Amino acid sequence: MSPDFFNLYSENILRRLKESYDGILINGVLINNIRYADDTALIVDSEEGLLRLLDLVTEVSTEEGLEINCKKTFCMVVSKNSQPPVCNLKCNNAAFEQVNSFNYLDHC
């Protein structure tokens, strides 16, 4: 039952992201998250937008009695620049590790 309860809670949390205007437009559809099982990727076009989404996820998660595992949370910046900008996100006063790639569905 535990995975089912987690899915119900996370679905409720991530549905609230639809209320946000942050994300990227793909073929006229606003996308701000990709998820599978217990993995979620938040997608936006600015650090400010990511902060707003992250704050919303944190707030709603707390309301539901869940918390973000900051040790398993990473930040990745996709940029046309040869040196991507530094992302300064924090969780419980600890900076997120910035990575150049991450595994999603067991692929880099």
# chains A, B, ... in the order shown; residues from 1 in each chain; ligands from 1

call {"tool": "select_by_dssp", "arguments": {"residues": "chain A", "states": "strand (DSSP E)", "output": "compact mmCIF listing (two decimals) with C-alpha atoms, in the first residue's frame"}}
result
# COMPACT_ATOMS: atom_id res chain seq x y z
CA ILE A 24 8.52 25.70 -20.90
CA LEU A 25 6.14 25.72 -23.85
CA ILE A 26 6.28 22.68 -26.10
CA VAL A 29 1.55 23.10 -23.97
CA LEU A 30 3.15 24.30 -20.72
CA ILE A 31 5.40 21.61 -19.25
CA ASN A 33 7.51 18.57 -14.58
CA ILE A 34 8.31 15.07 -15.76
CA ARG A 35 7.73 12.20 -13.39
CA TYR A 36 7.97 8.48 -13.14
CA ASP A 39 11.39 10.53 -9.59
CA THR A 40 10.38 14.04 -10.57
CA ALA A 41 12.17 16.57 -12.74
CA LEU A 42 11.06 20.21 -12.55
CA PHE A 74 20.18 17.87 -7.95
CA CYS A 75 20.14 20.89 -10.21
CA MET A 76 21.08 20.78 -13.88
CA LYS A 90 19.18 25.53 -1.48
CA CYS A 91 17.16 23.07 0.56
CA ALA A 94 22.18 23.13 2.05
CA ALA A 95 23.04 23.93 -1.57
CA GLU A 97 24.60 19.81 -6.10
CA GLN A 98 24.77 21.08 -9.70
CA VAL A 99 25.35 18.29 -12.22

call {"tool": "residues_around", "arguments": {"residues": "A:Ser10", "least_positions_apart": "2", "cutoff": "10 Å", "atoms": "only C-alpha atoms", "output": "ChimeraX atom specification"}}
result
/A:4-8,12-15,35,37-38,40,57,60-61,64,66

call {"tool": "write_last_selection", "arguments": {"atoms": "C-alpha atoms", "output": "PDB file, in the first residue's frame"}}
result
ATOM      1  CA  ASP A   4       0.014   3.612  -3.733  1.00  0.00           C
ATOM      2  CA  PHE A   5      -0.231   6.171  -0.940  1.00  0.00           C
ATOM      3  CA  PHE A   6       2.942   7.880  -2.123  1.00  0.00           C
ATOM      4  CA  ASN A   7       1.522   8.108  -5.659  1.00  0.00           C
ATOM      5  CA  LEU A   8      -1.719   9.631  -4.360  1.00  0.00           C
ATOM      6  CA  ASN A  12      -1.930  15.865  -5.423  1.00  0.00           C
ATOM      7  CA  ILE A  13       1.281  17.836  -4.913  1.00  0.00           C
ATOM      8  CA  LEU A  14       2.244  17.958  -8.586  1.00  0.00           C
ATOM      9  CA  ARG A  15      -1.275  18.845  -9.753  1.00  0.00           C
ATOM     10  CA  ARG A  35       7.732  12.197 -13.391  1.00  0.00           C
ATOM     11  CA  ALA A  37       7.454   6.445  -9.957  1.00  0.00           C
ATOM     12  CA  ASP A  38       9.201   8.463  -7.226  1.00  0.00           C
ATOM     13  CA  THR A  40      10.382  14.037 -10.567  1.00  0.00           C
ATOM     14  CA  VAL A  57       6.396  21.789  -4.129  1.00  0.00           C
ATOM     15  CA  VAL A  60       2.404  21.550  -0.581  1.00  0.00           C
ATOM     16  CA  SER A  61       4.615  18.595   0.410  1.00  0.00           C
ATOM     17  CA  GLU A  64       0.762  16.632   3.001  1.00  0.00           C
ATOM     18  CA  LEU A  66       6.103  14.783   3.068  1.00  0.00           C
TER      19      LEU A  66
END

call {"tool": "atom_distance", "arguments": {"atom1": "atom CA of A:Leu50", "atom2": "atom CA of A:Ser82"}}
result
21.5 Å

call {"tool": "select_by_dssp", "arguments": {"residues": "chain A", "states": "alpha helix (DSSP H)", "output": "PyMOL selection string"}}
result
chain A and resi 2-15+47-63

call {"tool": "atom_distance", "arguments": {"atom1": "atom CA of A:Asn69", "atom2": "atom CA of A:Asp22"}}
result
22.5 Å

call {"tool": "atom_distance", "arguments": {"atom1": "atom CA of A:Asn27", "atom2": "atom CA of A:Lys80"}}
result
20.8 Å

call {"tool": "closest_residue", "arguments": {"among": "A:Ser79, A:Ser20, A:Thr73, A:Ser2", "to": "A:Arg52", "atoms": "only C-alpha atoms"}}
result
A:Ser20

call {"tool": "decode", "arguments": {"residues": "stretch 92-103 of chain A", "atoms": "N, CA and C atoms", "output": "tab-separated table (two decimals), in the first residue's frame"}}
result
chain	number	residue	atom	x	y	z
A	92	ASN	N	16.81	23.43	2.91
A	92	ASN	CA	17.17	23.39	4.34
A	92	ASN	C	18.58	23.90	4.57
A	93	ASN	N	18.90	25.03	3.93
A	93	ASN	CA	20.19	25.71	4.04
A	93	ASN	C	21.37	24.93	3.47
A	94	ALA	N	21.10	23.87	2.72
A	94	ALA	CA	22.18	23.13	2.05
A	94	ALA	C	22.01	23.34	0.55
A	95	ALA	N	23.10	23.68	-0.12
A	95	ALA	CA	23.04	23.93	-1.57
A	95	ALA	C	22.83	22.63	-2.33
A	96	PHE	N	21.99	22.69	-3.35
A	96	PHE	CA	21.82	21.53	-4.23
A	96	PHE	C	23.10	21.34	-5.02
A	97	GLU	N	23.46	20.11	-5.25
A	97	GLU	CA	24.60	19.81	-6.10
A	97	GLU	C	24.20	20.08	-7.56
A	98	GLN	N	25.03	20.83	-8.28
A	98	GLN	CA	24.77	21.08	-9.70
A	98	GLN	C	25.50	20.01	-10.50
A	99	VAL	N	24.78	19.37	-11.41
A	99	VAL	CA	25.35	18.29	-12.22
A	99	VAL	C	25.25	18.62	-13.70
A	100	ASN	N	26.03	17.93	-14.51
A	100	ASN	CA	25.98	18.11	-15.96
A	100	ASN	C	25.04	17.11	-16.63
A	101	SER	N	24.71	16.03	-15.92
A	101	SER	CA	23.76	15.04	-16.42
A	101	SER	C	23.20	14.30	-15.21
A	102	PHE	N	22.07	13.64	-15.41
A	102	PHE	CA	21.51	12.82	-14.35
A	102	PHE	C	20.74	11.66	-14.97
A	103	ASN	N	20.60	10.60	-14.21
A	103	ASN	CA	19.86	9.44	-14.69
A	103	ASN	C	18.36	9.67	-14.51
